[in-house]
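Reviewing the structure listed below.
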Amino acid sequence: MNKLSSLPAIAACLLALSAPAVNTASAQLLINGAGATFPQPIYTKWFSEYAKVDPSVRFNYQGIGSGGGQKQILSETVDFGASDGPMSDANLATAPRKLWHIPTVAGAVVISYNLPGNPHLHLDGPTLAAIYLGKVTKWNDPAIAGQNPGISLPAQDILVVHRSDGSGTSYIFTDYLSSVSSEWASKVGKNTAVQWPTGLGGKGNAGVAGQVKQASGAIGYVELAYARQNGLPYADMRNSSGVYVSPSIESVVAALASASIPEDFRFSMVNSPGEKAYPIAGATWLLVYAQQKDSVKGQKLVAFLKWAFTEGEKLAASLDYAPLPGSVQARVLERINSITF
Amino acid sequence: MDPLGRPRSPASQAARGSRWADRNFYLLALLAALTILGLIALVGWELYRGCHLALAKFGPAFLANSSWDPVSDVYGALPFIFGTLVSSLIALIIAVPLGVATALFLTEMAPQAIRQPVITVIEMLAAVPSVIFGLWGIFVLIPWLRDHLFPWLHSTLGFLPFFSGPIYGVSMLAGGIIVAIMILPIITSVSREIIRSVPNLQREAAYALGSTHWEVIRIAVLSYAHRGIFGAAVLGLGRALGETMAVTMVIGNRPEISASLFAPGYTLASVIANEFTEATSDLYLSALFELGLVLLGITLIVNVIAQLMLRTFSGSSTGKT
């Protein structure tokens with residue numbers, strides 16, 4: 001009897017405890033996004049910071065890859081998509097309504113290597129393309145040595161390492177090689193994964209860096225953030241103005257500022273003009289419908305995007321991403337303001 | 001007769017109750033069995049549905065084409081099929097003798113005191129996640145292979161095409177070795193159970209005939225248990241064919257067919273895991289789906305062949321025993 005009589009009291013307690021939790025959960029609006037993994041750290045940071053600005057909205061972002069992000073926003077199973085490469089015309093044509101590309105941040109791809117003493121190398125695009133085409137095979141090849149006077153390069157075979165997984169990093173890298181070498185453009189081309197003429201595939205930044213670190217004479221490409229956080233050596237690249245530029249947030253912002261950005265924001269920023277621009281860099285995009293179906297969600301999403309391009313961009317550098325320069329930010333904000341809901 | 005083929009018991013209340021239970025259990029078990037068949041059929045159907053674009057575009061040539069070019073949308077599965085089969089074969093060649101020998105040692109020879117510790121360690125090996133093996137492969141196994149084992153193989157057996165050519169470390173052979181380590185626990189555990197189930201009468205009879213220890217193992221144990229051991233190898237092969245993460249970290253991921261085991265390779269499971277998330281064109285995705293279908297097909301074919309071999313085996317062994 002005693003046990004039974006206490007039941008209502010327990011139930012009342014449980015109700016009292018759960019009631020506030022239920023209330024906030026129902027009041028909190030969930031906005032779903034999916035796509036690229038490269039910008040996931042900065043997006044996650046934005047969502048957690050934005051939760052302090054507007055606690056009534058919660059973001060759920062799944063880093064399932066750019067391919068998945070494009071597919072899901074096209075089938076409208078998420079509220080926004082994210083992609084490391086701009087969508088192809090063919091894919092964009094299948095969108096049910098006008099779909100905007102909104103660039104958020106940019107990143108650089110650096111050329112890392114493993115040589116005795118790890119000298120600070122200078123490289124240009126055609127030489128890099130020749131290495132990845134399997135045409136320059138020795139480190140002391142005149143094409144490399146000519147750009148690095150004063151450095152004694154060994155007569156060692158170059159071991160080429162590339163990403164084995166499809167990735168935005170590979171897209172930026174092959175986009176760059178295509179822009180500096182017509183042979184690369186016609187033989188290999190640009191994509192998240194390509195048919196590599198030579199070399200070994202490593203899985204992820206860690207896989208490439210692991211192979212480069214272990215094998216003397218290896219060369220590979222990784223994200224700037226990864227190379228910095230792991231203390232890898234990387235080369236200065238010759239840009240389109242003929243200046244050797246070290247990859248850094250500043251040199252990527254310079255490249256963004258001088259890149260020609262079309263009205264639909266689907267741009268490539270490799271080999272940007274400008275003396276300070278680092279040539280192997282690329283932006284990442286959010287994919288958002290110009291006309292939002294759900295007016296409440298649309299309103300919240302636009303409010304978040306406005307915050308992201310004013311306050312959020314300031315957080316980019318701390319995570320080794322390059323923020324958009326002011327001129328581009330203004331254009332992006334204008335686009336966001338045109339979203340209807 | 002009830003569904004399980006047993007004769008009816010006397011018709012008492014209790015027996016009727018247990019018949020009901022029998023019937024229900026039979027239905028439940030049938031349902032479970034059908035669910036598994038249904039799952040396989042669904043997986044096959046979904047893969048088929050996903051790859052109709054690639055099927056229509058490339059047809060059977062997909063299996064024979066060795067080009068994999070996402071830029072110009074040309075796809076072929078041959079290097080991946082080759083890599084999957086070769087790396088699994090290497091794994092079996094290494095893991096079966098090692099696993100069976102370990103099982104024999106544990107059941108027939110090892111002192112009681114070390115049996116349990118060794119068994120525990122082997123079973124722990126089965127619990128290590130694939131990606132951990134992969135990382136260990138990159139940072140420990142590969143440097144050792146590159147600096148010690150491979151140069152030695154190259155200098156002693158370099159006249160064979162399998163052990164010629166440049167050494168990178170990451171290679172088909174490294175992939176096979178990693179898979180061998182991963183399928184070792186299942187082959188050892190199953191073999192051990194099989195060998196343990198050999199009746200002691202067999203062993204005693206062989207000893208009574210004056211056999212040595214080795215002869216007892218060969219005549220009484222192995223000839224009795226070889227079917228089960230073959231089954232253990234097939235189970236291991238099933239795992240080897242589908243192993244993904246650890247393999248992709250050490251195999252070099254180059255879709256190329258090379259006689260040298262030092263050359264990098266690529267497997268079906270690896271390329272799907274690597275490229276699926278960032279594949280944007282429909283034909284590209286479809287080709288990846290078709291690779292999945294090919295992998296499913298290979299697994300089925302290999303298992304059917306194994307069943308047939310098992311049947312031939314058992315036919316010949318009944319004459320012997």
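Each chain in the structure tokens gets a letter, A, B and so on, in the order shown; residues start at 1 in every chain, and ligands are counted from 1 in the order they appear.
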
**Request:** Write out as a list in words all residues of region 119-281 of chain A that backbone DSSP assigns to strand (DSSP E or B).
**Result:** His122, Leu123, Lys138, Asp157, Leu159, Val160, Val161, His162, Arg163, Leu200, Gly201, Gly202, Ala218, Ile219, Gly220, Tyr221, Val222, Glu223, Tyr234, Asp236, Met237, Arg238, Tyr244, Val245 and Ala281 of chain A

Those selected residues, please, written with C-alpha atoms and delivered as a JSON list (two decimals), in the first residue's frame.
[["chain", "number", "residue", "atom", "x", "y", "z"],
["A", 122, "HIS", "CA", 60.17, 27.55, -54.17],
["A", 123, "LEU", "CA", 58.00, 26.02, -56.90],
["A", 138, "LYS", "CA", 64.13, 13.59, -59.79],
["A", 157, "ASP", "CA", 63.33, 9.96, -57.07],
["A", 159, "LEU", "CA", 57.52, 10.03, -54.70],
["A", 160, "VAL", "CA", 54.21, 11.65, -55.61],
["A", 161, "VAL", "CA", 51.42, 11.41, -53.01],
["A", 162, "HIS", "CA", 47.83, 12.49, -53.59],
["A", 163, "ARG", "CA", 44.48, 12.12, -51.80],
["A", 200, "LEU", "CA", 50.29, 6.89, -54.27],
["A", 201, "GLY", "CA", 46.93, 7.69, -52.69],
["A", 202, "GLY", "CA", 46.67, 8.54, -49.00],
["A", 218, "ALA", "CA", 58.00, 12.40, -51.16],
["A", 219, "ILE", "CA", 55.81, 15.34, -52.19],
["A", 220, "GLY", "CA", 52.14, 15.80, -51.34],
["A", 221, "TYR", "CA", 49.42, 18.39, -50.91],
["A", 222, "VAL", "CA", 47.42, 19.07, -47.72],
["A", 223, "GLU", "CA", 45.20, 21.80, -46.30],
["A", 234, "TYR", "CA", 55.65, 23.64, -47.25],
["A", 236, "ASP", "CA", 56.31, 28.99, -51.54],
["A", 237, "MET", "CA", 54.39, 29.01, -54.81],
["A", 238, "ARG", "CA", 54.97, 31.34, -57.73],
["A", 244, "TYR", "CA", 56.83, 33.48, -54.77],
["A", 245, "VAL", "CA", 54.23, 33.66, -52.02],
["A", 281, "ALA", "CA", 43.28, 28.31, -52.80]]

**Item:** Expected answer as a VMD selection string: chain B residues within 7 Å of chain A, only C-alpha atoms
**Value:** chain B and resid 68 to 71 249 252 to 254 274 to 275 277 to 280

Restricting it to N, CA and C atoms, dump the selection as a PDB file, in the first residue's frame.
ATOM      1  N   TRP B  68      39.478   4.477 -64.620  1.00  0.00           N
ATOM      2  CA  TRP B  68      38.563   5.036 -63.613  1.00  0.00           C
ATOM      3  C   TRP B  68      38.795   6.535 -63.612  1.00  0.00           C
ATOM      4  N   ASP B  69      38.003   7.255 -64.385  1.00  0.00           N
ATOM      5  CA  ASP B  69      38.266   8.665 -64.618  1.00  0.00           C
ATOM      6  C   ASP B  69      37.011   9.501 -64.361  1.00  0.00           C
ATOM      7  N   PRO B  70      36.865  10.019 -63.141  1.00  0.00           N
ATOM      8  CA  PRO B  70      35.663  10.795 -62.810  1.00  0.00           C
ATOM      9  C   PRO B  70      35.538  12.086 -63.605  1.00  0.00           C
ATOM     10  N   VAL B  71      36.650  12.594 -64.153  1.00  0.00           N
ATOM     11  CA  VAL B  71      36.572  13.858 -64.889  1.00  0.00           C
ATOM     12  C   VAL B  71      35.848  13.658 -66.214  1.00  0.00           C
ATOM     13  N   MET B 249      44.068   2.337 -45.960  1.00  0.00           N
ATOM     14  CA  MET B 249      45.132   3.137 -45.373  1.00  0.00           C
ATOM     15  C   MET B 249      46.520   2.617 -45.731  1.00  0.00           C
ATOM     16  N   GLY B 252      47.756   1.859 -50.808  1.00  0.00           N
ATOM     17  CA  GLY B 252      48.310   2.786 -51.809  1.00  0.00           C
ATOM     18  C   GLY B 252      47.280   3.373 -52.751  1.00  0.00           C
ATOM     19  N   ASN B 253      46.114   2.756 -52.866  1.00  0.00           N
ATOM     20  CA  ASN B 253      44.980   3.311 -53.612  1.00  0.00           C
ATOM     21  C   ASN B 253      45.315   3.748 -55.034  1.00  0.00           C
ATOM     22  N   ARG B 254      45.971   2.879 -55.786  1.00  0.00           N
ATOM     23  CA  ARG B 254      46.195   3.180 -57.199  1.00  0.00           C
ATOM     24  C   ARG B 254      45.490   2.101 -58.017  1.00  0.00           C
ATOM     25  N   ASN B 274      36.143   5.679 -50.248  1.00  0.00           N
ATOM     26  CA  ASN B 274      36.920   6.884 -50.520  1.00  0.00           C
ATOM     27  C   ASN B 274      36.147   7.927 -51.306  1.00  0.00           C
ATOM     28  N   GLU B 275      35.405   7.491 -52.308  1.00  0.00           N
ATOM     29  CA  GLU B 275      34.893   8.462 -53.273  1.00  0.00           C
ATOM     30  C   GLU B 275      33.398   8.727 -53.160  1.00  0.00           C
ATOM     31  N   THR B 277      31.401   9.936 -50.801  1.00  0.00           N
ATOM     32  CA  THR B 277      30.893  11.162 -50.179  1.00  0.00           C
ATOM     33  C   THR B 277      31.042  12.389 -51.059  1.00  0.00           C
ATOM     34  N   GLU B 278      32.042  12.409 -51.929  1.00  0.00           N
ATOM     35  CA  GLU B 278      32.270  13.622 -52.711  1.00  0.00           C
ATOM     36  C   GLU B 278      31.894  13.446 -54.180  1.00  0.00           C
ATOM     37  N   ALA B 279      31.227  12.351 -54.500  1.00  0.00           N
ATOM     38  CA  ALA B 279      30.834  12.132 -55.897  1.00  0.00           C
ATOM     39  C   ALA B 279      29.592  12.960 -56.192  1.00  0.00           C
ATOM     40  N   THR B 280      29.685  13.847 -57.195  1.00  0.00           N
ATOM     41  CA  THR B 280      28.543  14.719 -57.465  1.00  0.00           C
ATOM     42  C   THR B 280      27.797  14.359 -58.744  1.00  0.00           C
TER      43      THR B 280
END

**Of the listed residues A:Gly282, A:Gly312, A:Pro119, A:Gly146, that which approaches Pro103 (chain A) most closely, counting only C-alpha atoms** = A:Gly282

**Message:** If I take CA of Thr340 (chain A) and CA of Lys297 (chain A), how far is one from the other in Å, to one decimal?
**Reply:**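 The value is 11.3 Å.
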
**Residue list (alpha helix (DSSP H), DSSP) for region 99-215 of chain B, as a PyMOL selection string** = chain B and resi 99-104+112-127+130-136+142-144+150-157+172-196+200-208+213-215

**Prompt:** Got a sec: who's within 9 Å of Ile195 (chain B), counting only C-alpha atoms, leaving out chain neighbours fewer than 5 positions off, as a ChimeraX atom specification?
**Reply:** /B:103-104,107-108,190,221-222,224-226,228-229

**Prompt:** Contacts of Leu324 (chain A) at 12 Å or less, counting only C-alpha atoms, minus same-chain residues fewer than 6 places along, as number ranges by chain?
**Reply:** A: 102-107, 249-250, 252-259, 261, 282-285, 308-317, 330-333

**Item:** Nearest-residue call for Tyr207 (chain B), choices B:Lys57, B:Ala220, B:Leu42, B:Ser87, using only C-alpha atoms
**Value:**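 Going through B:Lys57, B:Ala220, B:Leu42, B:Ser87 one by one, the smallest distance to Tyr207 (chain B) is for B:Ala220.
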